[in-house]
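Below is one structure, written out as structure tokens; the observations come after it.
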Amino acid sequence: MRRSRSSIAWGLALVGLVAASAVLAPWIAPDPNRQDLGSFLAPPSAAHWLGTDQLGRDLLTRLIYGARVSLYVGFGAVGLGSVLATLVVILSAYFGGRLDLLVQRGVDAWMAFPPLLLLMSIMSLVGPSAWHITLVLGIAFGIQNSRIIRSVALSIKEHTFVESARAAGSGHVRIAMAHILPNVLPTIIVVATTGLSTVILTEASLSFLGLGVPPPYPTWGGMLSLAGLDHMYQAPWLAIWPAVALSLAVFGFNMLGDALRDLLDPRLKGG
């Protein structure tokens, strides 16, 4: 328990740092596209703490605004995916039969393809934008994690309090929403928190490939792809700092998700 609380503290610290930077970006950093024409590929200095890129733009400022894009896409996709997965999967697990069979075969068909290749194909069709990548990643997140929510819903469905509610005359939708959903909610929270790191990393991968949020919005993956690769040997900080920011965000969400799983899963208490 003490280890879980320590992990939560460290996870919250890292996540809080990224979130605070994203929220306070307009007040703590200037325009991320503002150029300093006398400082092209300048190393870290008092004027530019993390250096500048090939266009004279402050790297720290672009990292801060990149956090806004990552959190916007991450929270948006995870929220959308969690809601869709919860509504569809809980109802299908409760009613069972053909509805559950149809939903599970759809999940099987989606998971039969390599995830990144499938997302690349979809993004190339719909076009890169913040809304499109949030929508696509949200649907993908919901489908990929639906099996976890379904397994918990199926186990809760067999409990005696569900049978008591049915015997008392409660309708099917009321039982699913008022009795099964609250008991599945801890699992949904853990899955969503842990999945945030995966969604952020996937968004960075798509941006690295040019299929994420398009310029002029700065993204960590885009910074690694455009400036980081072309000028890596001349200005290594262009690749180092976006990678560090991405690693810290992913590590923070992973720590927070694992600690919440240890606290909320009764099977892991005392382990």
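FYI, nothing fancy with the structure tokens labels: chains A, B, ... in order, residues from 1 per chain, ligands from 1 as they appear.
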
Residues within 10 Å of Glu203 in chain A, only C-alpha atoms, excluding chain neighbours under 2 positions, as a list in words: Val69, Ser70, Val73, Gly74, Ala130, Ile133, Thr134, Leu137, Ser197, Thr198, Val199, Ile200, Leu201, Ser205, Leu206, Ser207, Phe208, Leu209, Leu211, Gly212, Val213, Thr219, Trp220, Gly221 and Gly222 of chain A

Kindly export the residues of the current selection with N, CA and C atoms, as a PDB file, in the first residue's frame.
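Generated file (out_38.pdb):
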```pdb
ATOM      1  N   VAL A  69      -1.093  19.696 -27.154  1.00  0.00           N
ATOM      2  CA  VAL A  69      -1.617  18.819 -28.202  1.00  0.00           C
ATOM      3  C   VAL A  69      -1.707  17.385 -27.704  1.00  0.00           C
ATOM      4  N   SER A  70      -0.647  16.916 -27.017  1.00  0.00           N
ATOM      5  CA  SER A  70      -0.637  15.532 -26.541  1.00  0.00           C
ATOM      6  C   SER A  70      -1.747  15.274 -25.533  1.00  0.00           C
ATOM      7  N   VAL A  73      -5.299  15.415 -27.316  1.00  0.00           N
ATOM      8  CA  VAL A  73      -5.578  14.182 -28.038  1.00  0.00           C
ATOM      9  C   VAL A  73      -5.716  13.015 -27.067  1.00  0.00           C
ATOM     10  N   GLY A  74      -4.826  12.953 -26.059  1.00  0.00           N
ATOM     11  CA  GLY A  74      -4.852  11.838 -25.124  1.00  0.00           C
ATOM     12  C   GLY A  74      -6.137  11.756 -24.326  1.00  0.00           C
ATOM     13  N   ALA A 130      -6.338  17.469 -35.690  1.00  0.00           N
ATOM     14  CA  ALA A 130      -6.473  17.147 -34.269  1.00  0.00           C
ATOM     15  C   ALA A 130      -7.767  16.380 -34.012  1.00  0.00           C
ATOM     16  N   ILE A 133      -7.531  12.648 -35.550  1.00  0.00           N
ATOM     17  CA  ILE A 133      -6.685  11.715 -34.810  1.00  0.00           C
ATOM     18  C   ILE A 133      -7.291  11.402 -33.439  1.00  0.00           C
ATOM     19  N   THR A 134      -7.985  12.371 -32.829  1.00  0.00           N
ATOM     20  CA  THR A 134      -8.665  12.110 -31.564  1.00  0.00           C
ATOM     21  C   THR A 134      -9.792  11.097 -31.756  1.00  0.00           C
ATOM     22  N   LEU A 137      -8.201   7.547 -32.698  1.00  0.00           N
ATOM     23  CA  LEU A 137      -7.561   6.927 -31.538  1.00  0.00           C
ATOM     24  C   LEU A 137      -8.586   6.578 -30.460  1.00  0.00           C
ATOM     25  N   SER A 197      -1.066   6.771 -21.628  1.00  0.00           N
ATOM     26  CA  SER A 197       0.316   6.734 -22.101  1.00  0.00           C
ATOM     27  C   SER A 197       0.399   6.114 -23.492  1.00  0.00           C
ATOM     28  N   THR A 198      -0.377   5.058 -23.721  1.00  0.00           N
ATOM     29  CA  THR A 198      -0.368   4.406 -25.030  1.00  0.00           C
ATOM     30  C   THR A 198      -0.908   5.325 -26.110  1.00  0.00           C
ATOM     31  N   VAL A 199      -1.988   6.055 -25.794  1.00  0.00           N
ATOM     32  CA  VAL A 199      -2.577   6.971 -26.775  1.00  0.00           C
ATOM     33  C   VAL A 199      -1.617   8.104 -27.095  1.00  0.00           C
ATOM     34  N   ILE A 200      -0.970   8.671 -26.073  1.00  0.00           N
ATOM     35  CA  ILE A 200      -0.010   9.755 -26.304  1.00  0.00           C
ATOM     36  C   ILE A 200       1.156   9.263 -27.151  1.00  0.00           C
ATOM     37  N   LEU A 201       1.634   8.065 -26.867  1.00  0.00           N
ATOM     38  CA  LEU A 201       2.744   7.512 -27.642  1.00  0.00           C
ATOM     39  C   LEU A 201       2.316   7.217 -29.080  1.00  0.00           C
ATOM     40  N   SER A 205       3.736   8.806 -32.552  1.00  0.00           N
ATOM     41  CA  SER A 205       4.189   7.965 -33.661  1.00  0.00           C
ATOM     42  C   SER A 205       3.550   8.397 -34.979  1.00  0.00           C
ATOM     43  N   LEU A 206       2.244   8.680 -34.941  1.00  0.00           N
ATOM     44  CA  LEU A 206       1.561   9.132 -36.156  1.00  0.00           C
ATOM     45  C   LEU A 206       2.061  10.510 -36.590  1.00  0.00           C
ATOM     46  N   SER A 207       2.314  11.390 -35.623  1.00  0.00           N
ATOM     47  CA  SER A 207       2.856  12.705 -35.959  1.00  0.00           C
ATOM     48  C   SER A 207       4.261  12.580 -36.538  1.00  0.00           C
ATOM     49  N   PHE A 208       5.045  11.651 -36.010  1.00  0.00           N
ATOM     50  CA  PHE A 208       6.379  11.402 -36.540  1.00  0.00           C
ATOM     51  C   PHE A 208       6.316  10.985 -38.008  1.00  0.00           C
ATOM     52  N   LEU A 209       5.272  10.237 -38.356  1.00  0.00           N
ATOM     53  CA  LEU A 209       5.100   9.763 -39.726  1.00  0.00           C
ATOM     54  C   LEU A 209       4.360  10.773 -40.607  1.00  0.00           C
ATOM     55  N   LEU A 211       1.227  11.877 -40.055  1.00  0.00           N
ATOM     56  CA  LEU A 211      -0.201  11.576 -40.118  1.00  0.00           C
ATOM     57  C   LEU A 211      -0.940  12.054 -38.876  1.00  0.00           C
ATOM     58  N   GLY A 212      -0.294  12.863 -38.058  1.00  0.00           N
ATOM     59  CA  GLY A 212      -0.918  13.358 -36.840  1.00  0.00           C
ATOM     60  C   GLY A 212      -1.443  14.771 -37.015  1.00  0.00           C
ATOM     61  N   VAL A 213      -1.296  15.573 -35.975  1.00  0.00           N
ATOM     62  CA  VAL A 213      -1.727  16.970 -36.023  1.00  0.00           C
ATOM     63  C   VAL A 213      -0.767  17.738 -36.929  1.00  0.00           C
ATOM     64  N   THR A 219       4.047  19.422 -32.200  1.00  0.00           N
ATOM     65  CA  THR A 219       3.809  18.145 -31.524  1.00  0.00           C
ATOM     66  C   THR A 219       5.160  17.502 -31.262  1.00  0.00           C
ATOM     67  N   TRP A 220       5.214  16.711 -30.189  1.00  0.00           N
ATOM     68  CA  TRP A 220       6.479  16.068 -29.844  1.00  0.00           C
ATOM     69  C   TRP A 220       6.943  15.123 -30.940  1.00  0.00           C
ATOM     70  N   GLY A 221       6.034  14.348 -31.499  1.00  0.00           N
ATOM     71  CA  GLY A 221       6.408  13.453 -32.586  1.00  0.00           C
ATOM     72  C   GLY A 221       6.832  14.200 -33.837  1.00  0.00           C
ATOM     73  N   GLY A 222       6.130  15.281 -34.150  1.00  0.00           N
ATOM     74  CA  GLY A 222       6.488  16.084 -35.301  1.00  0.00           C
ATOM     75  C   GLY A 222       7.831  16.764 -35.139  1.00  0.00           C
TER      76      GLY A 222
END
```

All residues 10 Å or closer to range 187-195 of chain A, only C-alpha atoms, same chain fewer than 4 positions away omitted, as JSON, numbers by chain: {"A": [74, 75, 77, 78, 79, 81, 82, 83, 85, 86, 141, 142, 145, 146, 148, 149, 152, 153, 181, 182, 183, 199, 200, 201, 250, 252, 253, 254, 255, 256, 257, 258, 259, 260, 261, 262, 263, 264, 265]}

Limited to N, CA and C atoms, could you put the picked residues into a file as a short mmCIF file (atom, residue, chain, number, x, y, z; two decimals), in the first residue's frame?
```
data_model
loop_
_atom_site.label_atom_id
_atom_site.label_comp_id
_atom_site.auth_asym_id
_atom_site.auth_seq_id
_atom_site.Cartn_x
_atom_site.Cartn_y
_atom_site.Cartn_z
N GLY A 74 -4.83 12.95 -26.06
CA GLY A 74 -4.85 11.84 -25.12
C GLY A 74 -6.14 11.76 -24.33
N PHE A 75 -6.50 12.85 -23.66
CA PHE A 75 -7.71 12.84 -22.85
C PHE A 75 -8.96 12.74 -23.71
N ALA A 77 -9.26 11.26 -26.71
CA ALA A 77 -9.40 9.90 -27.25
C ALA A 77 -9.76 8.90 -26.17
N VAL A 78 -9.13 9.00 -25.01
CA VAL A 78 -9.43 8.06 -23.92
C VAL A 78 -10.85 8.27 -23.40
N GLY A 79 -11.27 9.52 -23.27
CA GLY A 79 -12.64 9.78 -22.82
C GLY A 79 -13.66 9.25 -23.80
N GLY A 81 -13.22 6.92 -26.15
CA GLY A 81 -13.15 5.47 -26.22
C GLY A 81 -13.74 4.79 -25.00
N SER A 82 -13.52 5.36 -23.82
CA SER A 82 -14.06 4.76 -22.60
C SER A 82 -15.59 4.80 -22.59
N VAL A 83 -16.16 5.92 -23.01
CA VAL A 83 -17.62 6.03 -23.05
C VAL A 83 -18.22 5.06 -24.05
N ALA A 85 -16.89 2.29 -25.35
CA ALA A 85 -16.67 0.90 -24.94
C ALA A 85 -17.57 0.52 -23.79
N THR A 86 -17.75 1.42 -22.83
CA THR A 86 -18.56 1.10 -21.66
C THR A 86 -20.02 0.89 -22.04
N PHE A 141 -8.97 2.91 -29.11
CA PHE A 141 -8.79 2.65 -27.68
C PHE A 141 -9.98 1.89 -27.12
N GLY A 142 -11.19 2.30 -27.50
CA GLY A 142 -12.38 1.62 -27.01
C GLY A 142 -12.45 0.17 -27.44
N ASN A 145 -9.65 -2.11 -25.69
CA ASN A 145 -9.80 -2.35 -24.26
C ASN A 145 -11.19 -2.86 -23.89
N SER A 146 -12.03 -3.12 -24.87
CA SER A 146 -13.39 -3.57 -24.58
C SER A 146 -13.42 -4.95 -23.94
N ILE A 148 -11.43 -6.20 -21.71
CA ILE A 148 -11.20 -6.10 -20.27
C ILE A 148 -12.49 -5.71 -19.55
N ILE A 149 -13.18 -4.69 -20.07
CA ILE A 149 -14.43 -4.24 -19.46
C ILE A 149 -15.48 -5.33 -19.56
N VAL A 152 -15.05 -8.14 -16.86
CA VAL A 152 -15.49 -7.71 -15.53
C VAL A 152 -17.01 -7.64 -15.48
N ALA A 153 -17.63 -7.12 -16.54
CA ALA A 153 -19.09 -7.02 -16.57
C ALA A 153 -19.74 -8.41 -16.53
N LEU A 181 -22.63 -1.09 -13.98
CA LEU A 181 -21.70 -0.01 -14.31
C LEU A 181 -20.91 0.50 -13.11
N PRO A 182 -21.54 0.80 -11.95
CA PRO A 182 -20.74 1.28 -10.82
C PRO A 182 -19.66 0.31 -10.37
N ASN A 183 -19.91 -0.98 -10.51
CA ASN A 183 -18.92 -1.97 -10.11
C ASN A 183 -17.82 -2.18 -11.16
N VAL A 199 -1.99 6.05 -25.79
CA VAL A 199 -2.58 6.97 -26.78
C VAL A 199 -1.62 8.10 -27.10
N ILE A 200 -0.97 8.67 -26.07
CA ILE A 200 -0.01 9.75 -26.30
C ILE A 200 1.16 9.26 -27.15
N LEU A 201 1.63 8.07 -26.87
CA LEU A 201 2.74 7.51 -27.64
C LEU A 201 2.32 7.22 -29.08
N VAL A 250 4.81 9.67 -20.67
CA VAL A 250 4.41 8.25 -20.73
C VAL A 250 4.73 7.56 -19.41
N GLY A 252 4.99 8.91 -16.43
CA GLY A 252 4.09 9.40 -15.38
C GLY A 252 2.73 8.74 -15.44
N PHE A 253 2.14 8.64 -16.62
CA PHE A 253 0.83 8.01 -16.74
C PHE A 253 0.91 6.51 -16.45
N ASN A 254 2.01 5.87 -16.83
CA ASN A 254 2.17 4.45 -16.52
C ASN A 254 2.27 4.21 -15.02
N MET A 255 3.05 5.04 -14.33
CA MET A 255 3.17 4.91 -12.88
C MET A 255 1.82 5.12 -12.21
N LEU A 256 1.10 6.14 -12.64
CA LEU A 256 -0.19 6.45 -12.04
C LEU A 256 -1.18 5.32 -12.30
N GLY A 257 -1.22 4.80 -13.52
CA GLY A 257 -2.13 3.73 -13.83
C GLY A 257 -1.83 2.44 -13.08
N ASP A 258 -0.55 2.09 -12.98
CA ASP A 258 -0.18 0.87 -12.24
C ASP A 258 -0.50 1.01 -10.76
N ALA A 259 -0.26 2.19 -10.19
CA ALA A 259 -0.56 2.39 -8.77
C ALA A 259 -2.06 2.33 -8.51
N LEU A 260 -2.86 2.93 -9.39
CA LEU A 260 -4.31 2.86 -9.23
C LEU A 260 -4.82 1.43 -9.37
N ARG A 261 -4.21 0.66 -10.25
CA ARG A 261 -4.59 -0.74 -10.39
C ARG A 261 -4.31 -1.50 -9.09
N ASP A 262 -3.16 -1.23 -8.47
CA ASP A 262 -2.82 -1.91 -7.22
C ASP A 262 -3.79 -1.54 -6.10
N LEU A 263 -4.28 -0.29 -6.11
CA LEU A 263 -5.19 0.15 -5.07
C LEU A 263 -6.62 -0.31 -5.29
N LEU A 264 -7.04 -0.34 -6.54
CA LEU A 264 -8.45 -0.61 -6.83
C LEU A 264 -8.74 -2.08 -7.11
N ASP A 265 -7.73 -2.86 -7.42
CA ASP A 265 -7.95 -4.28 -7.70
C ASP A 265 -7.78 -5.06 -6.39
#
```

Which residues of range 36-94 of chain A sit at most 10 Å from range 14-31 of chain A, using only C-alpha atoms? Give each one's shortest atom pair and distance in Å (one decimal place), in chain and ascending residue order, as JSON lines.
```
{"residue": "A:Arg57", "atom": "CA", "partner": "A:Asp31", "partner_atom": "CA", "distance": 9.1}
{"residue": "A:Asp58", "atom": "CA", "partner": "A:Pro30", "partner_atom": "CA", "distance": 9.0}
{"residue": "A:Leu60", "atom": "CA", "partner": "A:Ala29", "partner_atom": "CA", "distance": 8.3}
{"residue": "A:Thr61", "atom": "CA", "partner": "A:Ala29", "partner_atom": "CA", "distance": 5.5}
{"residue": "A:Arg62", "atom": "CA", "partner": "A:Asp31", "partner_atom": "CA", "distance": 8.5}
{"residue": "A:Leu63", "atom": "CA", "partner": "A:Ser21", "partner_atom": "CA", "distance": 9.2}
{"residue": "A:Ile64", "atom": "CA", "partner": "A:Ser21", "partner_atom": "CA", "distance": 5.8}
{"residue": "A:Tyr65", "atom": "CA", "partner": "A:Ala22", "partner_atom": "CA", "distance": 6.3}
{"residue": "A:Gly66", "atom": "CA", "partner": "A:Ala22", "partner_atom": "CA", "distance": 7.9}
{"residue": "A:Ala67", "atom": "CA", "partner": "A:Ala22", "partner_atom": "CA", "distance": 5.4}
{"residue": "A:Arg68", "atom": "CA", "partner": "A:Ala22", "partner_atom": "CA", "distance": 4.5}
{"residue": "A:Val69", "atom": "CA", "partner": "A:Ala22", "partner_atom": "CA", "distance": 8.3}
{"residue": "A:Ser70", "atom": "CA", "partner": "A:Ala22", "partner_atom": "CA", "distance": 9.1}
{"residue": "A:Leu71", "atom": "CA", "partner": "A:Ala19", "partner_atom": "CA", "distance": 7.4}
{"residue": "A:Tyr72", "atom": "CA", "partner": "A:Ala22", "partner_atom": "CA", "distance": 9.3}
```

Using the selection just defined, write its residues with all heavy atoms as a short mmCIF file (atom, residue, chain, number, x, y, z; two decimals), in the first residue's frame.
```
data_model
loop_
_atom_site.label_atom_id
_atom_site.label_comp_id
_atom_site.auth_asym_id
_atom_site.auth_seq_id
_atom_site.Cartn_x
_atom_site.Cartn_y
_atom_site.Cartn_z
N ARG A 57 13.09 29.15 -33.66
CA ARG A 57 11.99 29.09 -32.71
C ARG A 57 12.45 28.45 -31.40
O ARG A 57 13.21 27.48 -31.41
CB ARG A 57 10.81 28.30 -33.30
CG ARG A 57 10.23 28.94 -34.55
CD ARG A 57 9.19 28.05 -35.21
NE ARG A 57 9.77 26.78 -35.67
CZ ARG A 57 9.11 25.91 -36.43
NH1 ARG A 57 7.86 26.17 -36.81
NH2 ARG A 57 9.69 24.78 -36.79
N ASP A 58 11.98 29.01 -30.28
CA ASP A 58 12.40 28.55 -28.97
C ASP A 58 11.90 27.13 -28.73
O ASP A 58 10.69 26.85 -28.81
CB ASP A 58 11.86 29.49 -27.90
CG ASP A 58 12.36 29.12 -26.51
OD1 ASP A 58 13.54 29.35 -26.23
OD2 ASP A 58 11.56 28.57 -25.73
N LEU A 60 11.92 25.23 -25.92
CA LEU A 60 11.14 25.04 -24.69
C LEU A 60 9.69 25.45 -24.91
O LEU A 60 8.76 24.76 -24.45
CB LEU A 60 11.76 25.85 -23.56
CG LEU A 60 11.00 25.82 -22.22
CD1 LEU A 60 10.88 24.40 -21.70
CD2 LEU A 60 11.70 26.71 -21.19
N THR A 61 9.48 26.56 -25.60
CA THR A 61 8.12 27.00 -25.88
C THR A 61 7.36 25.98 -26.71
O THR A 61 6.20 25.66 -26.44
CB THR A 61 8.16 28.35 -26.62
OG1 THR A 61 8.81 29.32 -25.81
CG2 THR A 61 6.75 28.84 -26.94
N ARG A 62 8.02 25.43 -27.70
CA ARG A 62 7.37 24.45 -28.56
C ARG A 62 7.09 23.15 -27.81
O ARG A 62 6.09 22.48 -28.06
CB ARG A 62 8.22 24.20 -29.81
CG ARG A 62 8.30 25.43 -30.71
CD ARG A 62 9.10 25.16 -31.97
NE ARG A 62 8.49 24.15 -32.82
CZ ARG A 62 7.44 24.35 -33.61
NH1 ARG A 62 6.86 25.55 -33.64
NH2 ARG A 62 6.97 23.38 -34.35
N LEU A 63 7.96 22.79 -26.88
CA LEU A 63 7.70 21.61 -26.05
C LEU A 63 6.47 21.82 -25.18
O LEU A 63 5.66 20.91 -25.00
CB LEU A 63 8.91 21.31 -25.18
CG LEU A 63 10.12 20.67 -25.86
CD1 LEU A 63 11.26 20.51 -24.86
CD2 LEU A 63 9.77 19.34 -26.47
N ILE A 64 6.34 23.00 -24.62
CA ILE A 64 5.19 23.29 -23.76
C ILE A 64 3.90 23.25 -24.56
O ILE A 64 2.90 22.66 -24.12
CB ILE A 64 5.37 24.66 -23.07
CG1 ILE A 64 6.53 24.60 -22.07
CG2 ILE A 64 4.10 25.10 -22.38
CD1 ILE A 64 6.89 25.93 -21.45
N TYR A 65 3.90 23.85 -25.73
CA TYR A 65 2.69 23.80 -26.55
C TYR A 65 2.46 22.40 -27.13
O TYR A 65 1.32 22.02 -27.41
CB TYR A 65 2.77 24.83 -27.68
CG TYR A 65 2.39 26.22 -27.23
CD1 TYR A 65 3.32 27.07 -26.64
CD2 TYR A 65 1.08 26.68 -27.37
CE1 TYR A 65 2.96 28.34 -26.21
CE2 TYR A 65 0.71 27.94 -26.95
CZ TYR A 65 1.66 28.77 -26.36
OH TYR A 65 1.30 30.04 -25.93
N GLY A 66 3.53 21.63 -27.31
CA GLY A 66 3.36 20.25 -27.72
C GLY A 66 2.65 19.42 -26.66
O GLY A 66 1.91 18.49 -26.99
N ALA A 67 2.88 19.77 -25.39
CA ALA A 67 2.16 19.08 -24.31
C ALA A 67 0.66 19.33 -24.41
O ALA A 67 -0.14 18.44 -24.09
CB ALA A 67 2.69 19.57 -22.95
N ARG A 68 0.27 20.51 -24.85
CA ARG A 68 -1.16 20.80 -25.00
C ARG A 68 -1.78 19.88 -26.05
O ARG A 68 -2.88 19.34 -25.85
CB ARG A 68 -1.37 22.26 -25.42
CG ARG A 68 -0.77 23.29 -24.50
CD ARG A 68 -1.21 24.67 -24.86
NE ARG A 68 -2.51 24.98 -24.28
CZ ARG A 68 -3.19 26.09 -24.50
NH1 ARG A 68 -2.71 27.01 -25.33
NH2 ARG A 68 -4.34 26.30 -23.92
N VAL A 69 -1.09 19.70 -27.15
CA VAL A 69 -1.62 18.82 -28.20
C VAL A 69 -1.71 17.39 -27.70
O VAL A 69 -2.72 16.69 -27.91
CB VAL A 69 -0.74 18.90 -29.46
CG1 VAL A 69 -1.20 17.90 -30.51
CG2 VAL A 69 -0.75 20.32 -30.03
N SER A 70 -0.65 16.92 -27.02
CA SER A 70 -0.64 15.53 -26.54
C SER A 70 -1.75 15.27 -25.53
O SER A 70 -2.43 14.25 -25.59
CB SER A 70 0.73 15.21 -25.92
OG SER A 70 1.74 15.25 -26.89
N LEU A 71 -1.95 16.20 -24.60
CA LEU A 71 -3.00 16.01 -23.60
C LEU A 71 -4.38 16.16 -24.21
O LEU A 71 -5.32 15.46 -23.81
CB LEU A 71 -2.81 17.01 -22.45
CG LEU A 71 -1.57 16.79 -21.58
CD1 LEU A 71 -1.58 17.78 -20.41
CD2 LEU A 71 -1.50 15.36 -21.06
N TYR A 72 -4.53 17.08 -25.15
CA TYR A 72 -5.82 17.24 -25.82
C TYR A 72 -6.22 15.95 -26.54
O TYR A 72 -7.34 15.44 -26.38
CB TYR A 72 -5.75 18.40 -26.81
CG TYR A 72 -6.93 18.49 -27.75
CD1 TYR A 72 -8.13 19.07 -27.34
CD2 TYR A 72 -6.86 17.99 -29.05
CE1 TYR A 72 -9.21 19.15 -28.20
CE2 TYR A 72 -7.93 18.07 -29.92
CZ TYR A 72 -9.11 18.65 -29.49
OH TYR A 72 -10.17 18.72 -30.34
#
```

Excluding Trp49 in chain A and residues on its chain fewer than 2 positions from it, collect all residues at most 10 Å away from it, counting only C-alpha atoms, and give them as a PDB file with N, CA, C and O atoms, in the first residue's frame.
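Result went into result.pdb, see below:
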```
ATOM      1  N   PRO A  43      22.438  26.755 -29.389  1.00  0.00           N
ATOM      2  CA  PRO A  43      22.455  25.803 -28.265  1.00  0.00           C
ATOM      3  C   PRO A  43      21.763  26.398 -27.047  1.00  0.00           C
ATOM      4  O   PRO A  43      21.455  27.602 -27.016  1.00  0.00           O
ATOM      5  N   PRO A  44      21.499  25.588 -26.041  1.00  0.00           N
ATOM      6  CA  PRO A  44      20.877  26.111 -24.814  1.00  0.00           C
ATOM      7  C   PRO A  44      21.674  27.258 -24.227  1.00  0.00           C
ATOM      8  O   PRO A  44      22.901  27.220 -24.150  1.00  0.00           O
ATOM      9  N   SER A  45      20.921  28.308 -23.828  1.00  0.00           N
ATOM     10  CA  SER A  45      21.554  29.511 -23.281  1.00  0.00           C
ATOM     11  C   SER A  45      20.555  30.193 -22.365  1.00  0.00           C
ATOM     12  O   SER A  45      19.434  29.720 -22.158  1.00  0.00           O
ATOM     13  N   ALA A  46      20.961  31.326 -21.804  1.00  0.00           N
ATOM     14  CA  ALA A  46      20.067  32.080 -20.924  1.00  0.00           C
ATOM     15  C   ALA A  46      18.875  32.629 -21.699  1.00  0.00           C
ATOM     16  O   ALA A  46      17.778  32.769 -21.152  1.00  0.00           O
ATOM     17  N   ALA A  47      19.072  32.947 -22.977  1.00  0.00           N
ATOM     18  CA  ALA A  47      17.976  33.479 -23.784  1.00  0.00           C
ATOM     19  C   ALA A  47      17.023  32.372 -24.214  1.00  0.00           C
ATOM     20  O   ALA A  47      15.806  32.577 -24.275  1.00  0.00           O
ATOM     21  N   GLY A  51      17.569  25.827 -26.224  1.00  0.00           N
ATOM     22  CA  GLY A  51      18.046  26.067 -27.574  1.00  0.00           C
ATOM     23  C   GLY A  51      16.923  26.427 -28.529  1.00  0.00           C
ATOM     24  O   GLY A  51      15.756  26.590 -28.137  1.00  0.00           O
ATOM     25  N   THR A  52      17.278  26.555 -29.792  1.00  0.00           N
ATOM     26  CA  THR A  52      16.303  26.890 -30.833  1.00  0.00           C
ATOM     27  C   THR A  52      16.407  25.875 -31.966  1.00  0.00           C
ATOM     28  O   THR A  52      17.367  25.105 -32.075  1.00  0.00           O
ATOM     29  N   ASP A  58      11.982  29.012 -30.283  1.00  0.00           N
ATOM     30  CA  ASP A  58      12.398  28.549 -28.974  1.00  0.00           C
ATOM     31  C   ASP A  58      11.897  27.130 -28.732  1.00  0.00           C
ATOM     32  O   ASP A  58      10.692  26.855 -28.813  1.00  0.00           O
ATOM     33  N   LEU A  59      12.811  26.222 -28.400  1.00  0.00           N
ATOM     34  CA  LEU A  59      12.452  24.814 -28.264  1.00  0.00           C
ATOM     35  C   LEU A  59      11.611  24.552 -27.017  1.00  0.00           C
ATOM     36  O   LEU A  59      10.684  23.746 -27.041  1.00  0.00           O
ATOM     37  N   LEU A  60      11.919  25.227 -25.917  1.00  0.00           N
ATOM     38  CA  LEU A  60      11.139  25.045 -24.694  1.00  0.00           C
ATOM     39  C   LEU A  60       9.686  25.453 -24.906  1.00  0.00           C
ATOM     40  O   LEU A  60       8.759  24.763 -24.449  1.00  0.00           O
ATOM     41  N   THR A  61       9.480  26.556 -25.599  1.00  0.00           N
ATOM     42  CA  THR A  61       8.124  27.004 -25.878  1.00  0.00           C
ATOM     43  C   THR A  61       7.362  25.979 -26.715  1.00  0.00           C
ATOM     44  O   THR A  61       6.204  25.663 -26.445  1.00  0.00           O
TER      45      THR A  61
END
```

For a quick check of understanding, using only C-alpha atoms, which of A:Leu118, A:Ile8, A:Leu37, A:Leu87 has the smallest distance to Leu185 in chain A?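 Nearest to Leu185 in chain A: A:Leu87.
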
Can you list every residue in range 21-265 of chain A that DSSP puts in strand (DSSP E or B), as a PyMOL selection string? chain A and resi 35+52+57-58

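Nearest residue to Val184 in chain A among A:Ile90, A:Tyr217, A:Phe95, A:Leu102 is A:Ile90, counting only C-alpha atoms.
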
Find the spatial neighbours of Arg147 in chain A, counting only C-alpha atoms, within a cut-off of 9 Å - ignore same-chain residues fewer than 4 positions away - and output them as a short mmCIF file (atom, residue, chain, number, x, y, z; two decimals) with all heavy atoms, in the first residue's frame.
```cif
data_model
loop_
_atom_site.label_atom_id
_atom_site.label_comp_id
_atom_site.auth_asym_id
_atom_site.auth_seq_id
_atom_site.Cartn_x
_atom_site.Cartn_y
_atom_site.Cartn_z
N VAL A 89 -20.23 -2.32 -24.57
CA VAL A 89 -19.78 -3.61 -24.03
C VAL A 89 -20.62 -4.04 -22.84
O VAL A 89 -20.96 -5.22 -22.71
CB VAL A 89 -18.28 -3.53 -23.65
CG1 VAL A 89 -17.85 -4.78 -22.91
CG2 VAL A 89 -17.44 -3.33 -24.90
N GLN A 104 -18.40 -8.94 -30.35
CA GLN A 104 -17.11 -9.61 -30.20
C GLN A 104 -16.49 -9.98 -31.54
O GLN A 104 -15.27 -9.94 -31.69
CB GLN A 104 -17.27 -10.86 -29.33
CG GLN A 104 -17.65 -10.56 -27.90
CD GLN A 104 -16.78 -9.47 -27.29
OE1 GLN A 104 -15.55 -9.57 -27.30
NE2 GLN A 104 -17.41 -8.43 -26.77
N VAL A 107 -14.86 -6.88 -32.73
CA VAL A 107 -13.59 -6.67 -32.03
C VAL A 107 -12.51 -7.58 -32.60
O VAL A 107 -11.36 -7.17 -32.81
CB VAL A 107 -13.77 -6.91 -30.52
CG1 VAL A 107 -12.43 -6.85 -29.81
CG2 VAL A 107 -14.72 -5.88 -29.93
N ILE A 143 -12.12 -0.09 -28.70
CA ILE A 143 -12.19 -1.46 -29.20
C ILE A 143 -11.13 -2.33 -28.54
O ILE A 143 -11.40 -3.46 -28.11
CB ILE A 143 -12.03 -1.47 -30.73
CG1 ILE A 143 -13.22 -0.77 -31.39
CG2 ILE A 143 -11.90 -2.90 -31.25
CD1 ILE A 143 -13.10 -0.63 -32.89
N SER A 151 -15.07 -8.63 -19.62
CA SER A 151 -14.82 -9.73 -18.69
C SER A 151 -15.27 -9.39 -17.28
O SER A 151 -15.86 -10.23 -16.58
CB SER A 151 -13.34 -10.10 -18.70
OG SER A 151 -12.55 -9.02 -18.24
N VAL A 152 -15.05 -8.14 -16.86
CA VAL A 152 -15.49 -7.71 -15.53
C VAL A 152 -17.01 -7.64 -15.48
O VAL A 152 -17.63 -8.06 -14.49
CB VAL A 152 -14.86 -6.36 -15.17
CG1 VAL A 152 -15.35 -5.88 -13.80
CG2 VAL A 152 -13.34 -6.47 -15.16
#
```

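Counting from CA of Trp241 in chain A, the distance to CA of Pro115 in chain A is 27.1 Å.
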